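**Q** Take a look at start37.cif, mmCIF, C-alpha atoms and all ligand atoms:
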data_data
loop_
_atom_site.label_atom_id
_atom_site.label_comp_id
_atom_site.auth_asym_id
_atom_site.auth_seq_id
_atom_site.Cartn_x
_atom_site.Cartn_y
_atom_site.Cartn_z
CA GLU A 1 7.31 30.78 -9.98
CA THR A 2 9.67 27.80 -10.14
CA LYS A 3 10.70 26.07 -13.34
CA PRO A 4 11.79 22.45 -13.73
CA SER A 5 15.46 22.28 -12.94
CA GLU A 6 17.79 22.82 -15.88
CA ILE A 7 20.92 20.88 -15.13
CA PRO A 8 24.12 22.62 -16.24
CA ASP A 9 26.61 20.40 -18.13
CA TRP A 10 29.25 20.48 -15.39
CA LEU A 11 26.70 19.11 -12.94
CA LYS A 12 25.41 16.30 -15.09
CA ASN A 13 28.36 14.00 -14.43
CA TYR A 14 29.28 15.34 -11.03
CA ASP A 15 29.06 12.75 -8.27
CA PHE A 16 28.04 14.39 -5.00
CA ASN A 17 27.09 11.14 -3.41
CA PRO A 18 29.09 8.97 -1.12
CA PRO A 19 29.51 5.44 -2.52
CA GLY A 20 27.80 2.63 -0.63
CA GLN A 21 24.56 0.81 -0.13
CA CYS A 22 21.49 3.05 0.02
CA ASN A 23 18.55 2.46 2.32
CA SER A 24 16.31 1.91 -0.63
CA ASP A 25 17.46 -0.26 -3.51
CA PRO A 26 14.48 -0.97 -5.70
CA ALA A 27 16.72 -2.09 -8.55
CA GLY A 28 17.12 -5.30 -6.58
CA PRO A 29 20.07 -7.27 -5.28
CA LEU A 30 20.53 -9.32 -8.43
CA ASN A 31 21.30 -6.34 -10.61
CA PRO A 32 25.07 -6.31 -11.22
CA GLN A 33 24.93 -2.75 -12.57
CA HIS A 34 24.08 -1.52 -9.12
CA THR A 35 26.95 -2.98 -7.17
CA ASP A 36 28.64 0.43 -7.07
CA LEU A 37 25.53 2.19 -5.80
CA THR A 38 25.55 5.86 -5.03
CA CYS A 39 23.01 7.15 -2.55
CA PRO A 40 20.51 9.88 -3.36
CA LEU A 41 21.49 13.39 -2.41
CA LEU A 42 19.97 14.82 0.73
CA VAL A 43 18.58 18.25 -0.14
CA ASP A 44 16.37 20.84 1.50
CA ASP A 45 15.54 24.39 0.38
CA GLU A 46 18.88 25.85 1.54
CA ILE A 47 21.15 23.02 0.34
CA ALA A 48 19.46 23.09 -3.07
CA LEU A 49 20.21 26.80 -3.47
CA GLU A 50 23.75 26.47 -2.24
CA ARG A 51 24.62 23.56 -4.55
CA ARG A 52 22.49 24.80 -7.42
CA SER A 53 21.14 21.26 -7.68
CA TRP A 54 18.09 19.50 -6.32
CA LEU A 55 18.57 16.22 -8.10
CA PRO A 56 16.74 13.88 -8.40
CA TRP A 57 13.75 16.18 -7.84
CA THR A 58 12.19 18.26 -10.62
CA TYR A 59 11.71 21.44 -8.57
CA PRO A 60 13.76 22.90 -5.74
CA PRO A 61 12.32 21.72 -2.42
CA VAL A 62 10.16 24.15 -0.44
CA CYS A 63 10.32 23.66 3.32
CA ALA A 64 8.67 24.64 6.61
CA GLU A 65 10.48 24.83 9.94
CA PRO A 66 9.41 22.57 12.84
CA GLU A 67 7.50 24.16 15.73
CA LYS A 68 10.09 23.01 18.26
CA ALA A 69 13.83 23.63 17.92
CA GLY A 70 15.85 20.55 17.05
CA GLY A 71 13.14 18.96 14.90
CA SER A 72 13.40 18.31 11.20
CA LYS A 73 12.14 20.52 8.37
CA LEU A 74 9.11 19.40 6.38
CA CYS A 75 9.49 19.87 2.62
CA VAL A 76 7.78 19.24 -0.70
CA PHE A 77 9.73 17.12 -3.18
CA THR A 78 8.19 16.68 -6.62
CA TYR A 79 9.26 14.40 -9.45
CA VAL A 80 7.21 14.66 -12.65
CA ASN A 81 8.41 11.66 -14.61
CA LEU A 82 7.76 8.63 -12.43
CA ARG A 83 8.07 5.46 -14.55
CA GLY A 84 8.13 7.66 -17.63
CA GLU A 85 4.61 8.95 -17.22
CA ALA A 86 3.37 10.19 -13.85
CA GLY A 87 4.06 12.83 -11.21
CA ILE A 88 4.63 12.33 -7.50
CA SER A 89 4.94 14.90 -4.70
CA LEU A 90 6.31 13.91 -1.31
CA ILE A 91 5.63 15.99 1.80
CA THR A 92 8.20 14.66 4.17
CA THR A 93 11.53 15.40 5.84
CA PRO A 94 14.68 15.78 3.69
CA GLU A 95 16.17 12.72 5.42
CA ILE A 96 13.21 10.49 4.55
CA ALA A 97 13.06 11.87 1.00
CA ALA A 98 16.73 11.02 0.48
CA ALA A 99 16.30 7.54 1.98
CA GLY A 100 13.18 6.89 -0.10
CA ALA A 101 14.34 8.48 -3.38
CA GLY A 102 15.15 4.99 -4.69
CA ILE A 103 11.42 4.60 -5.47
CA LEU A 104 11.96 6.93 -8.44
CA LYS A 105 14.13 4.34 -10.17
CA ASP A 106 12.63 1.64 -12.35
CA LEU A 107 12.90 -1.90 -11.09
CA ASP A 108 15.27 -4.28 -12.79
CA PRO A 109 12.79 -6.62 -14.56
CA THR A 110 15.02 -9.69 -14.10
CA TRP A 111 15.11 -9.18 -10.38
CA GLU A 112 11.45 -8.25 -10.14
CA ASN A 113 10.27 -11.33 -12.05
CA TRP A 114 12.47 -13.53 -9.92
CA ALA A 115 11.12 -11.96 -6.70
CA ARG A 116 7.53 -12.31 -7.86
CA ASP A 117 7.90 -15.85 -9.29
CA SER A 118 6.30 -14.64 -12.54
CA PRO A 119 6.21 -11.44 -14.61
CA LEU A 120 3.61 -8.87 -13.64
CA VAL A 121 0.88 -8.49 -16.26
CA VAL A 122 -1.55 -5.60 -15.84
CA SER A 123 -4.78 -5.70 -17.87
CA ASP A 124 -4.71 -3.24 -20.75
CA PRO A 125 -7.06 -1.66 -21.79
CA PRO A 126 -8.51 -1.38 -18.28
CA PRO A 127 -11.31 -3.91 -17.68
CA TYR A 128 -13.32 -1.30 -15.74
CA GLU A 129 -14.97 2.11 -15.95
CA VAL A 130 -15.27 4.77 -13.28
CA ARG A 131 -18.94 5.76 -13.04
CA GLU A 132 -21.42 7.64 -10.88
CA LEU A 133 -23.37 5.17 -8.69
CA LYS A 134 -26.69 5.56 -6.92
CA ASP A 135 -25.71 5.51 -3.28
CA LYS A 136 -21.92 5.90 -2.96
CA GLY A 137 -20.79 8.67 -5.29
CA MET A 138 -18.44 7.33 -7.98
CA GLY A 139 -17.39 3.70 -8.18
CA VAL A 140 -15.43 1.26 -10.36
CA ILE A 141 -17.46 -1.11 -12.54
CA ALA A 142 -16.18 -4.11 -14.52
CA ASN A 143 -16.72 -3.68 -18.28
CA ARG A 144 -15.91 -7.33 -19.06
CA THR A 145 -15.44 -10.56 -17.17
CA ILE A 146 -12.43 -10.29 -14.88
CA ARG A 147 -10.78 -13.56 -13.94
CA LYS A 148 -9.65 -14.44 -10.43
CA ASP A 149 -6.09 -13.15 -9.79
CA GLU A 150 -6.10 -10.77 -12.78
CA VAL A 151 -4.23 -7.56 -11.90
CA VAL A 152 -6.66 -4.87 -13.03
CA MET A 153 -4.82 -1.75 -11.85
CA LEU A 154 -1.28 -0.77 -11.05
CA ARG A 155 -0.96 2.78 -9.75
CA TYR A 156 1.70 4.86 -8.06
CA PRO A 157 0.81 7.56 -5.54
CA VAL A 158 0.53 11.19 -6.64
CA ILE A 159 0.87 12.57 -3.11
CA ILE A 160 2.71 11.07 -0.15
CA ARG A 161 2.44 12.96 3.11
CA VAL A 162 3.86 12.29 6.57
CA MET A 163 1.13 10.65 8.58
CA ASP A 164 1.78 12.60 11.77
CA PRO A 165 2.04 16.33 10.92
CA ARG A 166 2.07 17.50 14.56
CA PRO A 167 5.71 18.69 14.67
CA TRP A 168 4.85 21.41 12.11
CA LYS A 169 2.28 24.24 12.06
CA THR A 170 -0.99 23.11 10.46
CA GLN A 171 -0.99 26.22 8.27
CA ASP A 172 2.49 25.35 6.97
CA VAL A 173 1.50 21.76 6.25
CA MET A 174 -1.53 23.00 4.27
CA LYS A 175 0.68 25.40 2.27
CA LEU A 176 3.04 22.53 1.44
CA LEU A 177 0.07 20.38 0.40
CA HIS A 178 -1.05 23.17 -1.92
CA ARG A 179 2.41 23.37 -3.48
CA ALA A 180 2.64 19.57 -3.73
CA THR A 181 -0.62 19.59 -5.72
CA VAL A 182 0.17 22.47 -8.10
CA GLN A 183 3.59 20.99 -8.89
CA LEU A 184 1.99 17.76 -10.15
CA PRO A 185 1.57 17.45 -13.93
CA PRO A 186 -1.76 19.19 -14.79
CA LYS A 187 -3.55 15.95 -15.74
CA GLU A 188 -2.92 14.37 -12.36
CA GLY A 189 -3.49 17.61 -10.43
CA LYS A 190 -6.92 18.02 -12.05
CA GLN A 191 -7.88 14.38 -11.43
CA MET A 192 -6.85 14.72 -7.81
CA LEU A 193 -9.05 17.79 -7.30
CA LYS A 194 -12.09 15.81 -8.51
CA LEU A 195 -11.70 13.05 -5.89
CA ALA A 196 -14.25 12.54 -3.12
CA HIS A 197 -13.97 14.54 0.11
CA SER A 198 -16.03 13.84 3.19
CA LYS A 199 -14.70 15.30 6.40
CA GLY A 200 -14.62 19.08 5.87
CA GLY A 201 -11.72 21.49 6.48
CA TYR A 202 -9.14 22.47 3.87
CA ILE A 203 -10.22 20.74 0.66
CA LEU A 204 -6.85 19.22 -0.30
CA ASP A 205 -6.39 17.89 3.22
CA ASP A 206 -9.92 16.47 3.12
CA ILE A 207 -9.21 14.74 -0.23
CA VAL A 208 -6.07 13.10 1.20
CA ASN A 209 -7.89 12.05 4.40
CA THR A 210 -10.85 10.59 2.50
CA ASN A 211 -8.83 8.60 -0.01
CA ALA A 212 -5.29 7.86 1.18
CA PHE A 213 -3.73 4.55 2.21
CA GLY A 214 -1.04 4.04 4.80
CA VAL A 215 2.37 3.56 3.13
CA LEU A 216 5.93 3.28 4.41
CA LEU A 217 8.53 5.65 3.01
CA GLY A 218 12.08 5.51 4.32
CA GLY A 219 10.72 3.30 7.13
CA ALA A 220 8.24 5.98 8.33
CA ASP A 221 4.42 6.06 8.19
CA HIS A 222 2.94 8.20 5.42
CA SER A 223 -0.44 8.63 3.70
CA GLY A 224 -0.39 7.78 -0.01
CA LEU A 225 -2.98 9.14 -2.44
CA TYR A 226 -3.58 6.96 -5.52
CA LEU A 227 -5.75 8.10 -8.45
CA ASP A 228 -8.27 5.51 -9.73
CA VAL A 229 -7.66 3.28 -6.71
CA SER A 230 -9.36 6.14 -4.79
CA ARG A 231 -12.56 5.47 -6.72
CA ILE A 232 -12.90 1.96 -5.35
CA ASN A 233 -15.62 1.77 -2.71
CA HIS A 234 -15.48 -0.24 0.46
CA ALA A 235 -16.66 -3.85 0.75
CA CYS A 236 -14.53 -7.00 1.01
CA LYS A 237 -11.93 -7.56 -1.72
CA PRO A 238 -8.20 -7.02 -2.08
CA ASN A 239 -5.53 -4.52 -2.88
CA ARG A 240 -1.84 -5.20 -3.00
CA PHE A 241 0.78 -2.63 -2.16
CA SER A 242 4.50 -2.81 -2.85
CA SER A 243 6.80 -1.38 -0.22
CA THR A 244 9.68 -1.46 -2.70
CA THR A 245 8.16 0.70 -5.41
CA LEU A 246 5.07 2.23 -3.71
CA GLY A 247 3.08 0.67 -6.57
CA MET A 248 -0.44 -0.39 -5.62
CA GLU A 249 -1.73 -3.41 -7.47
CA VAL A 250 -5.42 -4.21 -7.41
CA ALA A 251 -6.09 -7.86 -8.17
CA ALA A 252 -9.34 -9.85 -8.28
CA TYR A 253 -10.02 -12.32 -5.44
CA ARG A 254 -12.57 -14.10 -7.58
CA ASP A 255 -14.13 -13.97 -11.04
CA ILE A 256 -16.03 -10.70 -11.50
CA GLU A 257 -18.89 -10.38 -13.99
CA PRO A 258 -19.37 -7.40 -16.35
CA GLY A 259 -21.45 -4.73 -14.58
CA GLU A 260 -20.31 -5.83 -11.09
CA GLU A 261 -18.67 -3.22 -8.87
CA LEU A 262 -15.00 -3.67 -7.90
CA THR A 263 -14.60 -3.14 -4.17
CA PHE A 264 -12.09 -3.78 -1.47
CA SER A 265 -12.06 -3.62 2.29
CA TYR A 266 -10.96 -0.34 3.88
CA LEU A 267 -10.63 -2.29 7.14
CA PRO A 268 -8.73 -5.36 8.33
CA LEU A 269 -10.54 -8.38 6.90
CA ASN A 270 -11.31 -10.70 9.79
CA LEU A 271 -13.54 -8.36 11.86
CA LEU A 272 -17.01 -8.90 13.28
CA SER A 273 -19.82 -6.53 12.21
CA GLU A 274 -19.74 -4.45 15.40
CA GLN A 275 -16.00 -3.88 15.11
CA ARG A 276 -16.47 -2.94 11.44
CA GLN A 277 -19.25 -0.45 12.24
CA THR A 278 -17.11 1.31 14.84
CA LEU A 279 -14.14 1.62 12.47
CA ILE A 280 -16.14 2.64 9.40
CA LYS A 281 -17.61 5.56 11.39
CA GLU A 282 -14.09 6.97 11.54
CA TRP A 283 -14.18 7.05 7.74
CA GLY A 284 -17.24 9.32 8.02
CA PHE A 285 -19.84 7.38 6.02
CA ASN A 286 -22.60 4.82 6.46
CA CYS A 287 -21.62 1.60 4.76
CA THR A 288 -24.18 0.32 2.25
CA CYS A 289 -22.39 -2.91 1.31
CA SER A 290 -24.39 -6.15 1.46
CA LEU A 291 -22.70 -7.40 4.62
CA CYS A 292 -23.51 -4.12 6.42
CA THR A 293 -27.12 -3.90 5.28
CA SER A 294 -28.41 -7.49 5.47
CA PRO A 295 -28.94 -8.64 9.10
CA GLU A 296 -29.15 -12.33 8.04
CA ALA A 297 -25.87 -12.22 6.08
CA THR A 298 -24.25 -10.31 8.97
CA ALA A 299 -25.34 -12.92 11.54
CA VAL A 300 -23.99 -15.86 9.50
CA SER A 301 -20.72 -14.04 8.78
CA ASP A 302 -20.27 -13.04 12.44
CA ARG A 303 -20.74 -16.67 13.48
CA HIS A 304 -18.05 -17.79 11.03
CA ARG A 305 -15.58 -15.05 11.91
CA GLY A 306 -16.19 -15.46 15.66
CA ARG A 307 -15.49 -19.18 15.28
CA ILE A 308 -12.17 -18.45 13.48
CA GLN A 309 -11.10 -16.28 16.41
CA GLU A 310 -12.15 -19.03 18.86
CA LEU A 311 -10.18 -21.68 16.94
CA LEU A 312 -7.06 -19.49 16.84
CA ALA A 313 -7.32 -18.95 20.61
CA GLU A 314 -7.68 -22.72 21.14
CA LEU A 315 -4.61 -23.40 19.01
CA ASP A 316 -2.67 -21.22 21.42
CA LEU A 317 -3.33 -23.58 24.34
CA PRO A 318 -0.47 -25.95 25.30
CA GLU A 319 -2.89 -28.89 25.77
CA MET A 320 -3.92 -28.58 22.08
CA ARG A 321 -0.40 -29.21 20.84
CA ASN A 322 -1.07 -32.69 19.41
CA HIS A 323 -1.60 -33.63 15.78
CA ALA A 324 -5.24 -34.70 16.02
CA ASP A 325 -6.43 -31.48 17.72
CA VAL A 326 -4.33 -29.17 15.58
CA ASN A 327 -5.26 -30.85 12.25
CA LYS A 328 -8.97 -30.68 13.06
CA ARG A 329 -8.82 -26.96 13.82
CA VAL A 330 -6.63 -26.14 10.82
CA ASP A 331 -9.17 -27.81 8.49
CA GLU A 332 -12.04 -25.90 10.10
CA ILE A 333 -10.23 -22.52 9.84
CA LEU A 334 -9.42 -23.06 6.15
CA ASP A 335 -13.02 -24.08 5.44
CA LEU A 336 -14.35 -20.94 7.20
CA CYS A 337 -11.89 -18.72 5.27
CA GLU A 338 -13.32 -20.12 2.05
CA LYS A 339 -16.88 -19.38 3.20
CA GLU A 340 -16.00 -15.84 4.27
CA SER A 341 -13.86 -14.98 1.19
CA LEU A 342 -10.86 -14.40 3.44
CA ALA A 343 -8.38 -15.71 0.87
CA ALA A 344 -6.08 -12.76 1.57
CA GLN A 345 -5.71 -13.87 5.20
CA VAL A 346 -4.96 -17.52 4.55
CA GLY A 347 -1.22 -16.81 4.19
CA ASP A 348 -1.15 -15.37 7.72
CA PHE A 349 -3.01 -18.40 9.07
CA TYR A 350 -0.50 -20.72 7.34
CA THR A 351 2.30 -18.84 9.12
CA ILE A 352 0.61 -19.42 12.49
CA ILE A 353 0.07 -23.10 11.68
CA ALA A 354 3.72 -23.51 10.64
CA GLU A 355 4.83 -21.98 13.96
CA ILE A 356 2.56 -24.36 15.88
CA TYR A 357 3.94 -27.46 14.13
CA SER A 358 7.44 -26.17 14.64
CA SER A 359 6.77 -25.77 18.38
CA MET A 360 5.53 -29.40 18.37
CA GLY A 361 8.84 -30.49 16.82
CA ASP A 362 7.24 -31.58 13.50
CA VAL A 363 9.67 -29.87 11.12
CA ASN A 364 8.19 -31.48 7.99
CA LEU A 365 4.67 -30.16 8.60
CA ALA A 366 6.10 -26.81 9.75
CA LYS A 367 7.99 -26.56 6.43
CA LYS A 368 4.94 -27.58 4.42
CA TYR A 369 2.84 -24.78 5.96
CA ALA A 370 5.66 -22.21 5.87
CA LYS A 371 6.02 -22.89 2.12
CA LEU A 372 2.28 -22.44 1.65
CA ALA A 373 2.44 -19.23 3.73
CA VAL A 374 5.18 -17.76 1.51
CA LYS A 375 3.24 -18.69 -1.65
CA GLU A 376 -0.04 -17.13 -0.44
CA LEU A 377 1.60 -14.04 1.07
CA LYS A 378 3.62 -13.39 -2.11
CA HIS A 379 0.37 -13.50 -3.98
CA TYR A 380 -1.87 -11.46 -1.70
CA ALA A 381 0.43 -9.21 0.32
CA GLY A 382 3.17 -8.89 -2.33
CA TYR A 383 6.66 -10.33 -2.68
CA ASP A 384 8.21 -7.40 -0.82
CA HIS A 385 5.75 -7.14 2.07
CA GLU A 386 7.09 -7.45 5.61
CA ARG A 387 4.77 -10.41 6.32
CA THR A 388 6.07 -12.25 3.24
CA LYS A 389 9.67 -11.56 4.20
CA GLY A 390 8.97 -12.79 7.76
CA ALA A 391 7.44 -16.05 6.49
CA ALA A 392 10.34 -16.57 4.04
CA ALA A 393 12.87 -16.05 6.85
CA PHE A 394 11.00 -18.58 9.02
CA LEU A 395 11.02 -21.13 6.17
CA GLU A 396 14.74 -20.57 5.69
CA ALA A 397 15.38 -21.06 9.41
CA LEU A 398 13.42 -24.33 9.31
CA SER A 399 15.35 -25.52 6.26
CA GLY A 400 18.68 -24.42 7.75
C1 LIG A 501 -12.11 6.48 -1.34
S1 LIG A 501 -13.65 7.17 -1.73
C2 LIG A 501 -14.36 5.99 -2.80
C3 LIG A 501 -14.88 6.60 -4.10
C4 LIG A 501 -16.00 7.58 -3.93
N1 LIG A 501 -17.28 6.91 -3.93
C5 LIG A 501 -15.95 8.65 -5.01
O1 LIG A 501 -16.99 9.16 -5.39
O2 LIG A 501 -14.84 9.03 -5.43
C6 LIG A 501 -14.45 6.97 -0.20
C7 LIG A 501 -15.85 7.53 -0.13
O3 LIG A 501 -16.76 6.73 -0.91
C8 LIG A 501 -17.99 6.49 -0.22
N2 LIG A 501 -18.12 5.04 0.08
C9 LIG A 501 -17.14 4.12 -0.06
N3 LIG A 501 -17.59 2.89 0.26
C10 LIG A 501 -18.85 3.01 0.63
C11 LIG A 501 -19.83 2.08 1.11
N4 LIG A 501 -19.57 0.80 1.26
N5 LIG A 501 -21.04 2.56 1.42
C12 LIG A 501 -21.33 3.88 1.26
N6 LIG A 501 -20.44 4.81 0.84
C13 LIG A 501 -19.22 4.38 0.51
C14 LIG A 501 -17.91 7.32 1.04
O4 LIG A 501 -18.52 8.56 0.77
C15 LIG A 501 -16.42 7.51 1.28
O5 LIG A 501 -16.13 8.70 1.97
#
How would this structure read if it were set down as C-alpha cells?

**A**
Amino acid sequence: ETKPSEIPDWLKNYDFNPPGQCNSDPAGPLNPQHTDLTCPLLVDDEIALERRSWLPWTYPPVCAEPEKAGGSKLCVFTYVNLRGEAGISLITTPEIAAAGAGILKDLDPTWENWARDSPLVVSDPPPYEVRELKDKGMGVIANRTIRKDEVVMLRYPVIIRVMDPRPWKTQDVMKLLHRATVQLPPKEGKQMLKLAHSKGGYILDDIVNTNAFGVLLGGADHSGLYLDVSRINHACKPNRFSSTTLGMEVAAYRDIEPGEELTFSYLPLNLLSEQRQTLIKEWGFNCTCSLCTSPEATAVSDRHRGRIQELLAELDLPEMRNHADVNKRVDEILDLCEKESLAAQVGDFYTIIAEIYSSMGDVNLAKKYAKLAVKELKHYAGYDHERTKGAAAFLEALSG
C-alpha cells in the first residue's frame, strides 16, 4: 500500500545532487538554463527510506536482490506524470535508473527543433483507428489519407524492462513486473492488460515479449512497451525511435489511403524471404503479409534484395574503386531501394558510398554523400540515433 510521495517542505529545495554533467541531458546542449546541471539522485529501496525521498520517482522503489553476490539490485521505478500526461515504470538497476532519469524531463523546444531541422508536428486527431481485423487480431487502420512523412503517432513507453533478466530470480522479476504494472495510472494499466500475448507463461511477461521494442536506457539494452504502437502489425514500413527521450514516432513512408492498414517491419528491412521466415518464427506467428503469402511477389523481391547484397559486396572489392564502376553500382542500388520501398535504408547506403569515395580520395563526392546520409538518417532513424550521429561525425571529419 504505497502512496505517491508527499514531499516535505524542507526537502523541496534541498540539493542532494553533486553538480556536474549528467549522463543523460535531454534538455539539450543549447539550453543555457542547464549549464549548472545537477544529476538525478541514485535511489534504491533502502536509500529511499533512509533519506525519506525517492525523487524524481512517484513511489518508493521496490527492489529484488541479485542471485549472485556482488551483482546489482533490480528495482521498479515509476513516474506517473511523463510529459504531463502518461505513466512510465522502469524495471532496471538503480544505477541505470539514475543515469536515465533525464528522460523524465521535457526537451527544450529550441534545441529540439534545431536538432531535428524542423519542429515536430504530430497529427491530431489521430488519422487512424485501432480495430479488430480478420486474420491478425487487432490492427491500425487509416481513417483518412495520410501523406508521406506525416508523423501519425508519438508515444512514450509505459514499461521499460532490462532485456537480460538472468542475474535475478525469475519469480522476483515477475513480481517486479506486476508492481510496475499496478503502479501505472489506471488508464494505461488497463490498456496494457488488453494487449496481444502469444507465447504463454506469466501474462504480463508474455505481453511485454509479444509487443516490446529494444530500447537503450543509460546505455544498456532494455525492452520498451508502447501502447498503440503495439497494435501495429508486421509488414514493411517504418517506426522512428528517439534515444534521447524514448519517444517512438511512427511516420508514413508513403501516402496511405483511408481504410489501408498501417504496418511496419518487426525485422531488419533488407532481408530475403527465407531469412524473414526464420526470424518471424521467433515472434511466434505465421506472417500473412502480401510479401510472405504471394510466391510471385516474394521471388521478385528476393531477386532485388539479393542483387543489393551482391552490389554492396562488389563495392567492397579494391578493383572496383574507380568512378565508373562505383557510380554504376550506386545508381543500381538506389533504383532497387526505390522498387523495394527500402527508403529507410537509403541513409545507411549513402554512408557506405561516402566512405567509398573518401577511400578513393574524392573528398567532394564523399561530402556530397555524407550530407545526403545525414539528411536521410535524421529523417528515418531520428536526429539522435547513433547511426545519424556517426554519419554527422564523418561529415565533420571530411569538412575538417
Ligand atoms: C505487436 S502485436 C500486433 C497487434 C496485434 N495484432 C493485436 O491484436 O494487438 C503482434 C501480434 O500480432 C499478430 N501479427 C502481427 N503481424 C502479423 C502478420 N503480418 N501476420 C499475422 N499475424 C500478425 C501476431 O499474433 C503477433 O503476435

**Q** Can you work out the spacing between atom CA of A:Ala97 and atom CA of A:Cys63 in Å, to one decimal?

**A**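 The value is 12.3 Å.
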
**Q** Wanna dump the chain A-ligand LIG 501 (chain A) contacts at 6 Å for me, each residue with its shortest atom pair and the distance in Å to one decimal, counting only C-alpha atoms and all ligand atoms, ordered by chain and number, as a tab-separated table?

**A**
residue	atom	partner	partner_atom	distance
A:Lys136	CA	A:LIG501	N6	4.2
A:Gly137	CA	A:LIG501	O1	3.8
A:Met138	CA	A:LIG501	O1	3.5
A:Gly139	CA	A:LIG501	N1	5.3
A:Leu195	CA	A:LIG501	O2	5.1
A:Ala196	CA	A:LIG501	O2	4.2
A:Ser198	CA	A:LIG501	O5	5.3
A:Thr210	CA	A:LIG501	O5	5.6
A:Asn211	CA	A:LIG501	C1	4.1
A:Ser230	CA	A:LIG501	C1	4.4
A:Arg231	CA	A:LIG501	C3	3.7
A:Ile232	CA	A:LIG501	C2	5.0
A:Asn233	CA	A:LIG501	N3	3.7
A:His234	CA	A:LIG501	N3	3.8
A:Ala235	CA	A:LIG501	N4	5.5
A:Phe285	CA	A:LIG501	C14	5.3
A:Asn286	CA	A:LIG501	C12	5.4
A:Cys287	CA	A:LIG501	N5	3.5
A:Thr288	CA	A:LIG501	N5	3.9
A:Cys289	CA	A:LIG501	N4	4.7

**Q** Based on the selection just made, write C-alpha atoms of those residues as a CSV table (one decimal), in the frame of the given file.

**A**
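Full text of again31.csv as output:
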chain,number,residue,atom,x,y,z
A,136,LYS,CA,-21.9,5.9,-3.0
A,137,GLY,CA,-20.8,8.7,-5.3
A,138,MET,CA,-18.4,7.3,-8.0
A,139,GLY,CA,-17.4,3.7,-8.2
A,195,LEU,CA,-11.7,13.0,-5.9
A,196,ALA,CA,-14.2,12.5,-3.1
A,198,SER,CA,-16.0,13.8,3.2
A,210,THR,CA,-10.8,10.6,2.5
A,211,ASN,CA,-8.8,8.6,0.0
A,230,SER,CA,-9.4,6.1,-4.8
A,231,ARG,CA,-12.6,5.5,-6.7
A,232,ILE,CA,-12.9,2.0,-5.4
A,233,ASN,CA,-15.6,1.8,-2.7
A,234,HIS,CA,-15.5,-0.2,0.5
A,235,ALA,CA,-16.7,-3.8,0.8
A,285,PHE,CA,-19.8,7.4,6.0
A,286,ASN,CA,-22.6,4.8,6.5
A,287,CYS,CA,-21.6,1.6,4.8
A,288,THR,CA,-24.2,0.3,2.2
A,289,CYS,CA,-22.4,-2.9,1.3

**Q** Can you pull out every residue within 12 Å of A:Asn364, counting all atoms listed in the file, but drop anything in the same chain fewer than 5 positions away, and send it as a ChimeraX atom specification?

**A** /A:354-355,357-359,369-371,395,398-399

**Q** For A:Glu310, please output as a compact mmCIF listing (two decimals) with C-alpha atoms, keeping the file's coordinate frame all residues within 10 Å (counting all atoms listed in the file; exclusion window: fewer than 5 positions along the same chain).

**A**
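So the final result, stored in around-v9.txt, reads:
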# COMPACT_ATOMS: atom_id res chain seq x y z
CA HIS A 304 -18.05 -17.79 11.03
CA ARG A 305 -15.58 -15.05 11.91
CA LEU A 315 -4.61 -23.40 19.01
CA ARG A 329 -8.82 -26.96 13.82
CA ILE A 333 -10.23 -22.52 9.84

**Q** What's around A:Lys190 at 12 Å? Count all atoms listed in the file, leave out sequence neighbours fewer than 4 positions away in its own chain, and write the answer as a PyMOL selection string.

**A** chain A and resi 158+181-186+194-195+204+227

**Q** Let me make sure I understand: among A:Leu272, A:Met320, A:Leu216, A:Ala366, which one has the smallest atom-to-atom distance to A:Ala299 if we use only C-alpha atoms?

**A**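 Using only C-alpha atoms, A:Ala299 sits closest to A:Leu272.
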
**Q** Quick one: distance from atom CA of A:Lys328 to atom CA of A:Thr351 in Å, one decimal?

**A**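 Atom CA of A:Thr351 lies 16.8 Å from atom CA of A:Lys328.
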
**Q** Please list as an NGL selection string every residue within 8 Å of A:Ala373, counting only C-alpha atoms and excluding residues in the same chain fewer than 3 positions away.

**A** :A and (346-351 or 369-370 or 376-377 or 388 or 391)

**Q** Output C-alpha atoms for every residue in that selection, as a PDB file, in the frame of the given file.

**A**
ATOM      1  CA  VAL A 346      -4.960 -17.520   4.550  1.00  0.00           C
ATOM      2  CA  GLY A 347      -1.220 -16.810   4.190  1.00  0.00           C
ATOM      3  CA  ASP A 348      -1.150 -15.370   7.720  1.00  0.00           C
ATOM      4  CA  PHE A 349      -3.010 -18.400   9.070  1.00  0.00           C
ATOM      5  CA  TYR A 350      -0.500 -20.720   7.340  1.00  0.00           C
ATOM      6  CA  THR A 351       2.300 -18.840   9.120  1.00  0.00           C
ATOM      7  CA  TYR A 369       2.840 -24.780   5.960  1.00  0.00           C
ATOM      8  CA  ALA A 370       5.660 -22.210   5.870  1.00  0.00           C
ATOM      9  CA  GLU A 376      -0.040 -17.130  -0.440  1.00  0.00           C
ATOM     10  CA  LEU A 377       1.600 -14.040   1.070  1.00  0.00           C
ATOM     11  CA  THR A 388       6.070 -12.250   3.240  1.00  0.00           C
ATOM     12  CA  ALA A 391       7.440 -16.050   6.490  1.00  0.00           C
TER      13      ALA A 391
END

**Q** Would you please work out which residue, of A:Thr93, A:Asp316, A:Gly259, A:Thr278, is nearest to A:Asp221 when using all atoms listed in the file?

**A** A:Thr93

**Q** Have a look at A:Arg254, A:Lys175, A:Arg276, A:Lys105 and name the one nearest to A:Gly84; count only C-alpha atoms.

**A**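 Ranking A:Arg254, A:Lys175, A:Arg276, A:Lys105 by distance to A:Gly84, first place goes to A:Lys105.
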
**Q** Given the choices A:Phe213, A:Tyr156, A:Phe264, A:Trp283, which gets closest to A:Met248 if the distance is worked out from all atoms listed in the file?

**A**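 When distances to A:Met248 are compared using all atoms listed in the file, the smallest one comes from A:Tyr156.
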
**Q** How many Å separate atom CA of A:Val62 from atom CA of A:Gly100?

**A**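 Separation between atom CA of A:Val62 and atom CA of A:Gly100: 17.5 Å.
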